[in-house]
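**Student:** This is structure_11.txt, which holds compact mmCIF, C-alpha atoms:
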# COMPACT_ATOMS: atom_id res chain seq x y z
CA MET G 769 17.17 -12.71 -3.10
CA MET G 770 14.51 -10.79 -1.17
CA ASN G 771 15.07 -9.79 2.46
CA ALA G 772 11.51 -10.01 3.77
CA SER G 773 12.42 -8.15 6.97
CA LEU G 774 13.00 -5.02 4.87
CA SER G 775 9.47 -5.35 3.51
CA GLY G 776 7.68 -5.44 6.87
CA GLN G 777 5.37 -8.18 8.11
CA LEU G 778 1.93 -9.57 7.43
CA LEU G 779 0.17 -9.24 10.80
CA ASP G 780 -3.33 -8.81 12.20
CA GLY G 781 -5.05 -9.16 8.83
CA GLY G 782 -2.82 -6.61 7.12
CA HIS G 783 0.70 -5.40 6.51
CA HIS G 784 2.97 -3.52 8.96
CA LEU G 785 6.03 -1.62 7.74
CA THR G 786 8.42 0.26 10.02
CA GLN G 787 10.07 3.42 8.69
CA ARG G 788 12.18 6.14 10.32
CA VAL G 789 11.58 9.82 9.63
CA TYR G 790 14.70 11.39 8.13
CA TYR G 791 15.68 15.03 7.77
CA GLU G 792 14.70 14.88 4.08
CA ASP G 793 11.11 14.04 5.11
CA THR G 794 10.65 17.23 7.14
CA ASP G 795 10.01 20.88 6.47
CA PHE G 796 11.64 23.87 8.20
CA SER G 797 9.63 23.17 11.38
CA GLY G 798 11.04 19.66 11.86
CA PHE G 799 7.63 18.13 11.16
CA VAL G 800 7.05 15.71 8.29
CA TYR G 801 6.03 17.66 5.19
CA HIS G 802 2.45 16.74 4.24
CA ALA G 803 3.35 15.37 0.78
CA ARG G 804 5.87 12.94 2.30
CA TYR G 805 3.02 10.99 3.86
CA LEU G 806 2.17 9.89 0.29
CA HIS G 807 5.63 8.31 0.10
CA PHE G 808 5.13 6.43 3.36
CA PHE G 809 1.70 5.19 2.24
CA GLU G 810 3.13 4.10 -1.15
CA ARG G 811 5.95 2.16 0.52
CA GLY G 812 3.39 0.40 2.68
CA ARG G 813 1.27 -0.62 -0.33
CA THR G 814 4.29 -1.69 -2.38
CA ASP G 815 5.79 -3.85 0.35
CA TYR G 816 2.38 -5.32 1.19
CA ILE G 817 2.08 -6.51 -2.43
CA ARG G 818 5.68 -7.76 -2.36
CA LEU G 819 5.07 -9.87 0.77
CA LEU G 820 1.99 -11.39 -0.85
CA GLY G 821 4.45 -12.83 -3.38
CA VAL G 822 3.43 -10.53 -6.21
CA SER G 823 6.27 -9.18 -8.36
CA GLN G 824 5.09 -5.91 -9.85
CA GLY G 825 8.12 -5.98 -12.16
CA ALA G 826 7.02 -9.34 -13.58
CA LEU G 827 3.42 -8.12 -13.95
CA HIS G 828 4.63 -5.11 -15.95
CA ALA G 829 7.03 -7.17 -18.10
CA GLN G 830 4.37 -9.16 -19.97
CA THR G 831 4.99 -9.20 -23.73
CA ASP G 832 1.33 -8.62 -24.61
CA PRO G 833 0.11 -5.24 -23.23
CA ALA G 834 -3.33 -6.81 -22.67
CA ASP G 835 -1.73 -9.20 -20.15
CA VAL G 836 0.03 -6.47 -18.16
CA VAL G 837 -1.31 -5.91 -14.64
CA ALA G 838 -0.55 -2.54 -13.10
CA PHE G 839 -1.89 -0.88 -9.96
CA VAL G 840 -2.64 2.85 -10.02
CA VAL G 841 -4.07 5.05 -7.31
CA ARG G 842 -7.44 6.30 -8.48
CA ARG G 843 -8.54 8.06 -5.30
CA MET G 844 -7.01 8.82 -1.93
CA GLU G 845 -8.52 10.53 1.08
CA ILE G 846 -6.12 11.43 3.89
CA ASP G 847 -6.93 12.59 7.40
CA PHE G 848 -3.90 14.23 9.05
CA LYS G 849 -4.34 13.85 12.80
CA SER G 850 -0.99 14.70 14.41
CA PRO G 851 2.46 15.53 13.00
CA ALA G 852 5.36 13.13 12.78
CA ARG G 853 8.79 14.54 13.61
CA MET G 854 12.36 13.95 12.61
CA ASP G 855 13.72 10.65 14.04
CA ASP G 856 10.25 9.27 14.84
CA VAL G 857 9.85 5.56 14.10
CA LEU G 858 6.60 5.06 12.23
CA THR G 859 4.52 2.00 11.45
CA ILE G 860 2.58 2.06 8.20
CA VAL G 861 -0.36 -0.34 8.39
CA THR G 862 -2.11 -1.41 5.18
CA THR G 863 -5.31 -3.44 5.33
CA PRO G 864 -7.47 -4.55 2.41
CA ALA G 865 -11.05 -3.41 2.96
CA GLU G 866 -12.51 -4.60 -0.35
CA VAL G 867 -11.12 -6.41 -3.38
CA ARG G 868 -13.23 -6.69 -6.51
CA GLY G 869 -12.93 -6.93 -10.28
CA ALA G 870 -10.72 -4.06 -11.35
CA ARG G 871 -10.27 -2.25 -8.04
CA MET G 872 -9.20 -2.54 -4.44
CA LEU G 873 -10.03 -0.38 -1.47
CA LEU G 874 -7.19 -0.25 1.07
CA SER G 875 -7.20 1.33 4.52
CA GLN G 876 -3.87 2.72 5.65
CA THR G 877 -2.63 4.33 8.84
CA ILE G 878 0.66 5.82 9.90
CA LYS G 879 1.31 5.37 13.61
CA ARG G 880 3.92 6.41 16.12
CA ASP G 881 3.67 3.77 18.82
CA ASP G 882 -0.12 3.43 19.28
CA GLN G 883 -0.96 6.97 18.15
CA VAL G 884 -2.48 7.32 14.67
CA LEU G 885 -0.82 10.28 12.94
CA ALA G 886 -2.49 9.95 9.53
CA ALA G 887 -5.18 7.72 8.06
CA ALA G 888 -6.00 7.14 4.39
CA GLU G 889 -8.60 5.35 2.33
CA VAL G 890 -7.07 4.43 -1.02
CA THR G 891 -8.84 3.19 -4.12
CA VAL G 892 -6.41 1.32 -6.37
CA ALA G 893 -7.43 0.59 -9.96
CA VAL G 894 -6.10 -2.38 -11.90
CA ILE G 895 -5.12 -1.56 -15.49
CA ASN G 896 -3.45 -3.27 -18.45
CA GLY G 897 -0.56 -2.05 -20.61
CA PHE G 898 -2.96 0.03 -22.69
CA GLY G 899 -4.03 1.96 -19.58
CA ARG G 900 -7.51 0.41 -19.59
CA ALA G 901 -9.25 -1.18 -16.61
CA ARG G 902 -8.85 -4.93 -16.35
CA ARG G 903 -9.97 -7.53 -13.87
CA LEU G 904 -7.50 -8.66 -11.27
CA PRO G 905 -6.48 -12.18 -12.36
CA ASP G 906 -7.98 -14.90 -10.14
CA ALA G 907 -4.56 -16.02 -8.84
CA LEU G 908 -3.78 -12.47 -7.69
CA MET G 909 -7.27 -12.04 -6.24
CA GLU G 910 -6.67 -15.13 -4.11
CA ARG G 911 -3.40 -13.70 -2.79
CA PHE G 912 -5.06 -10.44 -1.79
CA LEU G 913 -7.94 -12.24 -0.14
CA GLY G 914 -5.83 -14.98 1.44
CA GLY G 915 -2.60 -13.31 2.56
CA GLY G 916 -3.01 -10.75 5.33
CA ARG G 917 -6.70 -10.77 4.43
CA GLY G 918 -8.33 -9.51 7.59
CA GLU G 919 -11.72 -7.99 6.76
CA ALA G 920 -11.31 -7.86 2.98
CA GLN G 921 -14.36 -8.84 1.02
CA ALA G 922 -14.56 -10.04 -2.55
CA LYS G 923 -17.29 -8.49 -4.64
CA GLU G 924 -18.27 -9.06 -8.22
Take the structure in the file and give it back as structure tokens.

**Tutor:**
Amino acid sequence: MMNASLSGQLLDGGHHLTQRVYYEDTDFSGFVYHARYLHFFERGRTDYIRLLGVSQGALHAQTDPADVVAFVVRRMEIDFKSPARMDDVLTIVTTPAEVRGARMLLSQTIKRDDQVLAAAEVTVAVINGFGRARRLPDALMERFLGGGRGEAQAKE
């Protein structure tokens, strides 16, 4: 049984996930270590997909490797604007910017209240069990374009 509240919410054309900064996320200065932002962004993407009703475990468990659907980060550009600190409550916002064939472009931000601390543009490739690019199946494409869609655009 899934507790959707643990996975955030679909709001404002995207996904919002609340996370607290723990001691383990920080460096000696008490600020969030730069590599930990990747973890926060990944949690946002994973829970966004989960709330769209997509089970990544089921997609990976296909018996024919050609039928496997896996999402891999192909490119990520991060702009660090202001540091997060221990005990901050952050909101990770994930919004689909473009969904097409074998890739998705997602915009992500990490906020403390209304202040953007980090922003990322993430290109996610869709691959099969052989590690080769594959088209996003139509049923999944519809979920990405329909649930929490916002400004996402489908392109061929």

**Student:** Within 9 Å of Phe808 of chain G, counting all atoms listed in the file, which residues show up once you throw out same-chain ones fewer than 4 positions away? Write them as a list in words, please.

**Tutor:**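 Near Phe808 of chain G, the qualifying residues are Gln787, Arg804, Gly812, Arg813, Ile860 and Ile878 of chain G.
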
**Student:** Distance atom CA of Gly821 of chain G-atom CA of Leu908 of chain G, one decimal place?

**Tutor:** 9.3 Å

**Student:** What is the distance, in Å and to one decimal place, between atom CA of Arg868 of chain G and atom CA of Phe848 of chain G?

**Tutor:**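 Between these atoms lies a distance of 27.7 Å.
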
**Student:** If I take atom CA of Phe912 of chain G and atom CA of Arg900 of chain G, how far is one from the other in Å, to one decimal?

**Tutor:**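 For atom CA of Phe912 of chain G relative to atom CA of Arg900 of chain G, the distance reads 21.0 Å.
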
**Student:** Pick out the closest residue to Lys879 of chain G from this set: G:Tyr791, G:Tyr805, G:Phe898, G:Phe799. Count only C-alpha atoms.

**Tutor:** G:Tyr805

**Student:** Residues at most 8 Å from segment 836-840 of chain G, counting all atoms listed in the file, excluding those fewer than 3 positions away in the same chain, as a PyMOL selection string?

**Tutor:** chain G and resi 824+827-833+892-897+902+904

**Student:** Using all atoms listed in the file - which residues lie no farther than 10 Å from the point (-7.0, -0.6, 6.6) in the file's frame? Write them as a list in words.

**Tutor:**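 Neighbouring residues, ordered by chain and number, come to Gly781, Gly782, His783, Val861, Thr862, Thr863, Pro864, Ala865, Glu866, Leu873, Leu874, Ser875, Gln876, Thr877, Ala887, Ala888, Glu889, Val890, Gly918, Glu919 and Ala920 of chain G.
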
**Student:** Please determine, counting all atoms listed in the file, which residue among G:Asp856, G:Val841, G:Lys849, G:Arg788 has the shortest atom-to-atom distance to Thr891 of chain G.

**Tutor:**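 Between G:Asp856, G:Val841, G:Lys849, G:Arg788, the residue approaching Thr891 of chain G most closely is G:Val841.
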
**Student:** As a short mmCIF file (atom, residue, chain, number, x, y, z; two decimals), in the coordinates of the input, could you write out segment 800-829 of chain G once it has been completed with N, CA and C atoms?

**Tutor:**
data_model
loop_
_atom_site.label_atom_id
_atom_site.label_comp_id
_atom_site.auth_asym_id
_atom_site.auth_seq_id
_atom_site.Cartn_x
_atom_site.Cartn_y
_atom_site.Cartn_z
N VAL G 800 7.11 16.33 9.62
CA VAL G 800 7.05 15.71 8.29
C VAL G 800 6.18 16.57 7.37
N TYR G 801 6.73 16.89 6.21
CA TYR G 801 6.03 17.66 5.19
C TYR G 801 4.84 16.84 4.71
N HIS G 802 3.69 17.48 4.52
CA HIS G 802 2.45 16.74 4.24
C HIS G 802 2.56 15.81 3.03
N ALA G 803 3.25 16.21 1.98
CA ALA G 803 3.35 15.37 0.78
C ALA G 803 4.18 14.11 1.02
N ARG G 804 5.05 14.12 2.01
CA ARG G 804 5.87 12.94 2.30
C ARG G 804 5.04 11.77 2.82
N TYR G 805 3.88 12.07 3.40
CA TYR G 805 3.02 10.99 3.86
C TYR G 805 2.62 10.10 2.69
N LEU G 806 2.48 10.69 1.49
CA LEU G 806 2.17 9.89 0.29
C LEU G 806 3.26 8.85 0.05
N HIS G 807 4.51 9.24 0.27
CA HIS G 807 5.63 8.31 0.10
C HIS G 807 5.53 7.16 1.09
N PHE G 808 5.25 7.48 2.35
CA PHE G 808 5.13 6.43 3.36
C PHE G 808 3.98 5.49 3.02
N PHE G 809 2.84 6.04 2.61
CA PHE G 809 1.70 5.19 2.24
C PHE G 809 2.06 4.31 1.03
N GLU G 810 2.74 4.87 0.04
CA GLU G 810 3.13 4.10 -1.15
C GLU G 810 4.07 2.96 -0.78
N ARG G 811 5.04 3.23 0.08
CA ARG G 811 5.95 2.16 0.52
C ARG G 811 5.18 1.04 1.20
N GLY G 812 4.20 1.41 2.02
CA GLY G 812 3.39 0.40 2.68
C GLY G 812 2.64 -0.47 1.69
N ARG G 813 2.01 0.16 0.68
CA ARG G 813 1.27 -0.62 -0.33
C ARG G 813 2.20 -1.49 -1.15
N THR G 814 3.34 -0.94 -1.55
CA THR G 814 4.29 -1.69 -2.38
C THR G 814 4.84 -2.91 -1.63
N ASP G 815 5.24 -2.72 -0.39
CA ASP G 815 5.79 -3.85 0.35
C ASP G 815 4.72 -4.86 0.76
N TYR G 816 3.49 -4.41 0.94
CA TYR G 816 2.38 -5.32 1.19
C TYR G 816 2.23 -6.26 -0.01
N ILE G 817 2.20 -5.70 -1.21
CA ILE G 817 2.08 -6.51 -2.43
C ILE G 817 3.28 -7.45 -2.56
N ARG G 818 4.47 -6.93 -2.27
CA ARG G 818 5.68 -7.76 -2.36
C ARG G 818 5.60 -8.97 -1.42
N LEU G 819 5.14 -8.76 -0.18
CA LEU G 819 5.07 -9.87 0.77
C LEU G 819 3.97 -10.87 0.42
N LEU G 820 3.01 -10.44 -0.37
CA LEU G 820 1.99 -11.39 -0.85
C LEU G 820 2.55 -12.28 -1.96
N GLY G 821 3.81 -12.02 -2.35
CA GLY G 821 4.45 -12.83 -3.38
C GLY G 821 4.18 -12.35 -4.79
N VAL G 822 3.75 -11.10 -4.91
CA VAL G 822 3.43 -10.53 -6.21
C VAL G 822 4.59 -9.65 -6.66
N SER G 823 5.19 -9.99 -7.80
CA SER G 823 6.27 -9.18 -8.36
C SER G 823 5.68 -8.19 -9.34
N GLN G 824 5.64 -6.91 -8.94
CA GLN G 824 5.09 -5.91 -9.85
C GLN G 824 5.94 -5.80 -11.12
N GLY G 825 7.25 -6.01 -10.98
CA GLY G 825 8.12 -5.98 -12.16
C GLY G 825 7.72 -7.05 -13.17
N ALA G 826 7.43 -8.26 -12.68
CA ALA G 826 7.02 -9.34 -13.58
C ALA G 826 5.65 -9.05 -14.19
N LEU G 827 4.75 -8.45 -13.41
CA LEU G 827 3.42 -8.12 -13.95
C LEU G 827 3.51 -7.10 -15.07
N HIS G 828 4.46 -6.16 -14.94
CA HIS G 828 4.63 -5.11 -15.95
C HIS G 828 5.39 -5.61 -17.17
N ALA G 829 6.14 -6.70 -17.04
CA ALA G 829 7.03 -7.17 -18.10
C ALA G 829 6.37 -8.13 -19.09
#
